[in-house]
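K.L.:
Supplied in structure tokens, the structure appears directly below.
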Amino acid sequence: MKKVIRIPSEEERRPMVLETTFEHNQIKTEIIKTRVPHADAGEDGSLSAFRTKCVVAICSVTICLEGFNLSLPGPFFPEKAKEKGLSQTEIGIVVGSFDCANVLFSFVVASILSPTNIKFIYCAGVIWSSVGIACFGLVSEGPNGEVFFWSSLSSRLVAGIGASMLYSTVLPVAAQMFPERAGLITALIQTSIGLGSCIGPPLGSVLIPLGGFKTPFLVTSGLELLVFVLAMGILPARTSSSRTKVSRADYFRFFFKFSTLSVVVPFMFLFCSSGLRDSSYSLYFEENLGLSTEKIGYIFIATTASFLVAGPIVGLLVDHGCATYISAIANFTGPLVIFMFFIPKYLHVLEALPWAIVVLALNGLTTAALFGPSYLILEKVAVKQGFSDSQQRKTLAASSFNLLGSSGRAIGAFLFGGYLNDRLGFYDTCFVFSVTLAVTATWHIGYLFRENLIRRIYYTADGGKKTTLSLTVSYAAP
């Protein structure tokens, strides 16, 4: 006689199953893995191990190409825009429009995203992104002045809408494949963005002399179309057994709480450094350091390479419970790194290429230290607010992170890299920005201490225990 008692885990993609057999007073224990069935699963109710890895791979490649989309305009667009008759403020508007569209559309994505339509939104995002970046490259062949400004602005808005769909779907899709290693998957996605951002500028430096400004953008667009074809065949129709989705009311209830803002606002201002970099650094390097456009593309590698190297390390540390420690360090060092760009105003010996490379590298490290822990911290905030469903928490964290990151880059481009840079100059803009970061960092670190979050925290399936097991006990008669 054999009796089986099964306690299923809550909505985990790959729950662990503990099977214990009592036979002749001997205890035999083994750990096996089960999988939650997918809508398009095989006869055994699961995706194959190979296809699961392919899903993670295609997510990594997709977000890597978005790294191209993010990093290509920064080194090359400001100079082209100056040739076309745009002011520094107009350059900031065009650069920031990508993230502005991303911010506004993220509310729409968050309200409609569910396990049943996530594949459609993912693939639609690839198409919008591909069309937007292709058009951005082609507008350089058109007229100067206002026509160029409005064409560039429109194409970046289209690409920003595509990015919003991808940033809200890539991590949830990939993390559901290996939920027990969510921190490592986050690090993999972060590394992929860093890899794309690292390859983008030197790729532009190689391709622009061969075919003009439009060439790297058209190449990226073609690669994204290839990803679309692969994603249509590889991604499962549904990525979770849960049908729960986040409503507009849930999203606003989560986002506009003081606890969420204490995490989101400081992160958002740290991300302003990316918008400032893309809209003004290349002109600073050209005017103050005398670098050519081709060389500027290689200088930007300092930020993305350090981001790429630090990403996996941060992910492993997050998996070991160090998320809030890393976040506090990133918020503390962020203002200091930006202030380093202000120092050469009075210490002219530091107005040199080696100093600029050091600052860019440190900026990449700070961004990596910000990226990895943020998802986990936002999930913990969601737990404190009573969101018990793991899929809801993942969607809220991904959408909120996308919103704060895009908002920060838009503010950095519009306000700091555009408006203030036009009126104060590069050095004084960096000083104002560093003071702003110091204020928001104090707010964030103070919140972490007040809520007793300066401690080890982990990804969980149910908001409570560190792991949740699916338990099967088999009793065999002697």
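The chains in the structure tokens are called A, B, ... from first to last as shown; in each chain the residues are counted from 1, and the ligands are counted from 1 in the order shown.
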Would you kindly return, as an NGL selection string, each protein, DNA or RNA residue with an atom no farther than 10 Å from any atom of Cys64 in chain A, considering only C-alpha atoms and excluding same-chain residues fewer than 3 positions away?
P.N.:
:A and (58-61 or 67-70 or 189-200)
K.L.:
Could you take the residues named above and write them with all heavy atoms, as a tab-separated table (two decimals), in the first residue's frame?
P.N.:
chain	number	residue	atom	x	y	z
A	58	ILE	N	17.67	34.02	-25.86
A	58	ILE	CA	17.04	35.00	-26.76
A	58	ILE	C	16.71	36.28	-25.99
A	58	ILE	O	16.80	37.39	-26.53
A	58	ILE	CB	15.79	34.40	-27.45
A	58	ILE	CG1	15.45	35.22	-28.71
A	58	ILE	CG2	14.60	34.37	-26.54
A	58	ILE	CD1	16.45	35.10	-29.80
A	59	CYS	N	16.35	36.15	-24.71
A	59	CYS	CA	16.13	37.34	-23.88
A	59	CYS	C	17.42	38.14	-23.73
A	59	CYS	O	17.42	39.38	-23.81
A	59	CYS	CB	15.60	36.94	-22.51
A	59	CYS	SG	13.90	36.33	-22.50
A	60	SER	N	18.53	37.43	-23.54
A	60	SER	CA	19.82	38.10	-23.38
A	60	SER	C	20.23	38.82	-24.66
A	60	SER	O	20.72	39.96	-24.62
A	60	SER	CB	20.90	37.09	-22.97
A	60	SER	OG	20.56	36.46	-21.76
A	61	VAL	N	20.03	38.17	-25.80
A	61	VAL	CA	20.39	38.79	-27.08
A	61	VAL	C	19.51	40.01	-27.35
A	61	VAL	O	19.98	41.05	-27.82
A	61	VAL	CB	20.25	37.77	-28.23
A	61	VAL	CG1	20.43	38.45	-29.59
A	61	VAL	CG2	21.28	36.65	-28.07
A	67	GLY	N	20.93	47.45	-25.75
A	67	GLY	CA	22.14	48.16	-25.34
A	67	GLY	C	22.74	48.95	-26.49
A	67	GLY	O	23.23	50.07	-26.31
A	68	PHE	N	22.71	48.37	-27.71
A	68	PHE	CA	23.12	49.11	-28.90
A	68	PHE	C	22.26	50.37	-29.04
A	68	PHE	O	22.75	51.47	-29.29
A	68	PHE	CB	22.92	48.26	-30.16
A	68	PHE	CG	23.96	47.19	-30.37
A	68	PHE	CD1	24.69	46.67	-29.33
A	68	PHE	CD2	24.20	46.70	-31.65
A	68	PHE	CE1	25.63	45.68	-29.53
A	68	PHE	CE2	25.14	45.71	-31.87
A	68	PHE	CZ	25.86	45.19	-30.81
A	69	ASN	N	20.94	50.16	-28.93
A	69	ASN	CA	19.97	51.25	-29.11
A	69	ASN	C	20.23	52.39	-28.12
A	69	ASN	O	20.10	53.57	-28.45
A	69	ASN	CB	18.56	50.70	-28.93
A	69	ASN	CG	17.52	51.50	-29.68
A	69	ASN	OD1	17.72	52.66	-30.01
A	69	ASN	ND2	16.37	50.89	-29.94
A	70	LEU	N	20.60	52.02	-26.90
A	70	LEU	CA	20.87	53.01	-25.87
A	70	LEU	C	22.19	53.75	-26.10
A	70	LEU	O	22.28	54.96	-25.92
A	70	LEU	CB	20.91	52.34	-24.49
A	70	LEU	CG	19.59	52.08	-23.77
A	70	LEU	CD1	19.85	51.26	-22.52
A	70	LEU	CD2	18.92	53.40	-23.40
A	189	ILE	N	20.95	39.45	-17.45
A	189	ILE	CA	20.30	40.49	-18.27
A	189	ILE	C	21.09	41.79	-18.16
A	189	ILE	O	21.30	42.49	-19.16
A	189	ILE	CB	18.85	40.69	-17.80
A	189	ILE	CG1	18.03	39.39	-17.98
A	189	ILE	CG2	18.19	41.84	-18.55
A	189	ILE	CD1	17.97	38.88	-19.39
A	190	GLN	N	21.54	42.11	-16.96
A	190	GLN	CA	22.34	43.32	-16.76
A	190	GLN	C	23.63	43.24	-17.57
A	190	GLN	O	24.04	44.21	-18.22
A	190	GLN	CB	22.67	43.47	-15.28
A	190	GLN	CG	23.61	44.62	-14.96
A	190	GLN	CD	23.94	44.69	-13.48
A	190	GLN	OE1	23.34	43.97	-12.69
A	190	GLN	NE2	24.87	45.54	-13.11
A	191	THR	N	24.28	42.06	-17.54
A	191	THR	CA	25.51	41.88	-18.30
A	191	THR	C	25.25	42.02	-19.80
A	191	THR	O	26.08	42.58	-20.53
A	191	THR	CB	26.11	40.50	-18.00
A	191	THR	OG1	26.35	40.38	-16.60
A	191	THR	CG2	27.42	40.29	-18.74
A	192	SER	N	24.11	41.52	-20.25
A	192	SER	CA	23.77	41.62	-21.68
A	192	SER	C	23.58	43.06	-22.11
A	192	SER	O	24.02	43.47	-23.20
A	192	SER	CB	22.50	40.81	-21.97
A	192	SER	OG	22.67	39.45	-21.64
A	193	ILE	N	22.90	43.87	-21.26
A	193	ILE	CA	22.78	45.30	-21.55
A	193	ILE	C	24.16	45.94	-21.60
A	193	ILE	O	24.49	46.73	-22.49
A	193	ILE	CB	21.92	45.99	-20.49
A	193	ILE	CG1	20.49	45.47	-20.52
A	193	ILE	CG2	21.91	47.51	-20.71
A	193	ILE	CD1	19.61	46.03	-19.42
A	194	GLY	N	25.01	45.58	-20.61
A	194	GLY	CA	26.36	46.13	-20.59
A	194	GLY	C	27.16	45.73	-21.80
A	194	GLY	O	27.91	46.53	-22.36
A	195	LEU	N	27.01	44.46	-22.24
A	195	LEU	CA	27.73	43.99	-23.43
A	195	LEU	C	27.29	44.77	-24.66
A	195	LEU	O	28.12	45.21	-25.46
A	195	LEU	CB	27.47	42.50	-23.63
A	195	LEU	CG	28.17	41.85	-24.82
A	195	LEU	CD1	29.69	41.94	-24.66
A	195	LEU	CD2	27.74	40.38	-24.96
A	196	GLY	N	25.97	44.96	-24.81
A	196	GLY	CA	25.48	45.73	-25.95
A	196	GLY	C	25.95	47.16	-25.91
A	196	GLY	O	26.37	47.73	-26.93
A	197	SER	N	25.91	47.76	-24.72
A	197	SER	CA	26.37	49.14	-24.58
A	197	SER	C	27.87	49.26	-24.79
A	197	SER	O	28.37	50.30	-25.24
A	197	SER	CB	26.02	49.66	-23.18
A	197	SER	OG	24.62	49.64	-22.97
A	198	CYS	N	28.60	48.18	-24.49
A	198	CYS	CA	30.05	48.17	-24.67
A	198	CYS	C	30.41	48.02	-26.15
A	198	CYS	O	31.34	48.67	-26.64
A	198	CYS	CB	30.64	47.02	-23.86
A	198	CYS	SG	32.44	47.03	-23.74
A	199	ILE	N	29.65	47.21	-26.87
A	199	ILE	CA	29.93	46.96	-28.29
A	199	ILE	C	29.45	48.13	-29.16
A	199	ILE	O	30.08	48.46	-30.17
A	199	ILE	CB	29.27	45.65	-28.75
A	199	ILE	CG1	29.88	44.45	-28.02
A	199	ILE	CG2	29.40	45.46	-30.26
A	199	ILE	CD1	29.14	43.16	-28.28
A	200	GLY	N	28.34	48.76	-28.76
A	200	GLY	CA	27.72	49.79	-29.60
A	200	GLY	C	28.64	50.92	-30.03
A	200	GLY	O	28.81	51.16	-31.24
K.L.:
List every residue of range 235-473 of chain A that DSSP, applied to the backbone of this structure, places in alpha helix (DSSP H), and write the result as JSON, numbers by chain.
P.N.:
{"A": [248, 249, 250, 251, 252, 253, 254, 255, 258, 259, 260, 261, 262, 263, 264, 265, 266, 267, 268, 269, 270, 271, 272, 273, 274, 275, 276, 282, 283, 284, 285, 286, 287, 288, 293, 294, 295, 296, 297, 298, 299, 301, 302, 303, 304, 305, 306, 307, 308, 309, 310, 311, 312, 313, 314, 315, 316, 317, 318, 319, 323, 324, 325, 326, 327, 328, 329, 330, 331, 332, 333, 334, 335, 336, 337, 338, 339, 340, 341, 342, 353, 354, 355, 356, 357, 358, 359, 360, 361, 362, 363, 364, 365, 366, 367, 368, 369, 370, 371, 372, 373, 374, 375, 376, 377, 378, 379, 380, 381, 382, 383, 384, 390, 391, 392, 393, 394, 395, 396, 397, 398, 399, 400, 401, 402, 403, 404, 405, 406, 407, 408, 409, 410, 411, 421, 422, 423, 424, 426, 427, 428, 429, 430, 431, 432, 433, 434, 435, 436, 437, 438, 439, 440, 441, 442, 443, 444, 445, 446, 447, 448, 449, 450]}
K.L.:
Considering only C-alpha atoms, return as an MDAnalysis selection string whatever protein or nucleic-acid residues lie within 10 Å of Tyr281 in chain A, sequence-local ones (same chain, fewer than 5 positions apart) excluded.
P.N.:
chainID A and resid 74:75 78 274:276 286:287 296 300 356 360 417 426
K.L.:
In Å, how far is it from CA of Phe148 in chain A to CA of Val108 in chain A?
P.N.:
28.9 Å
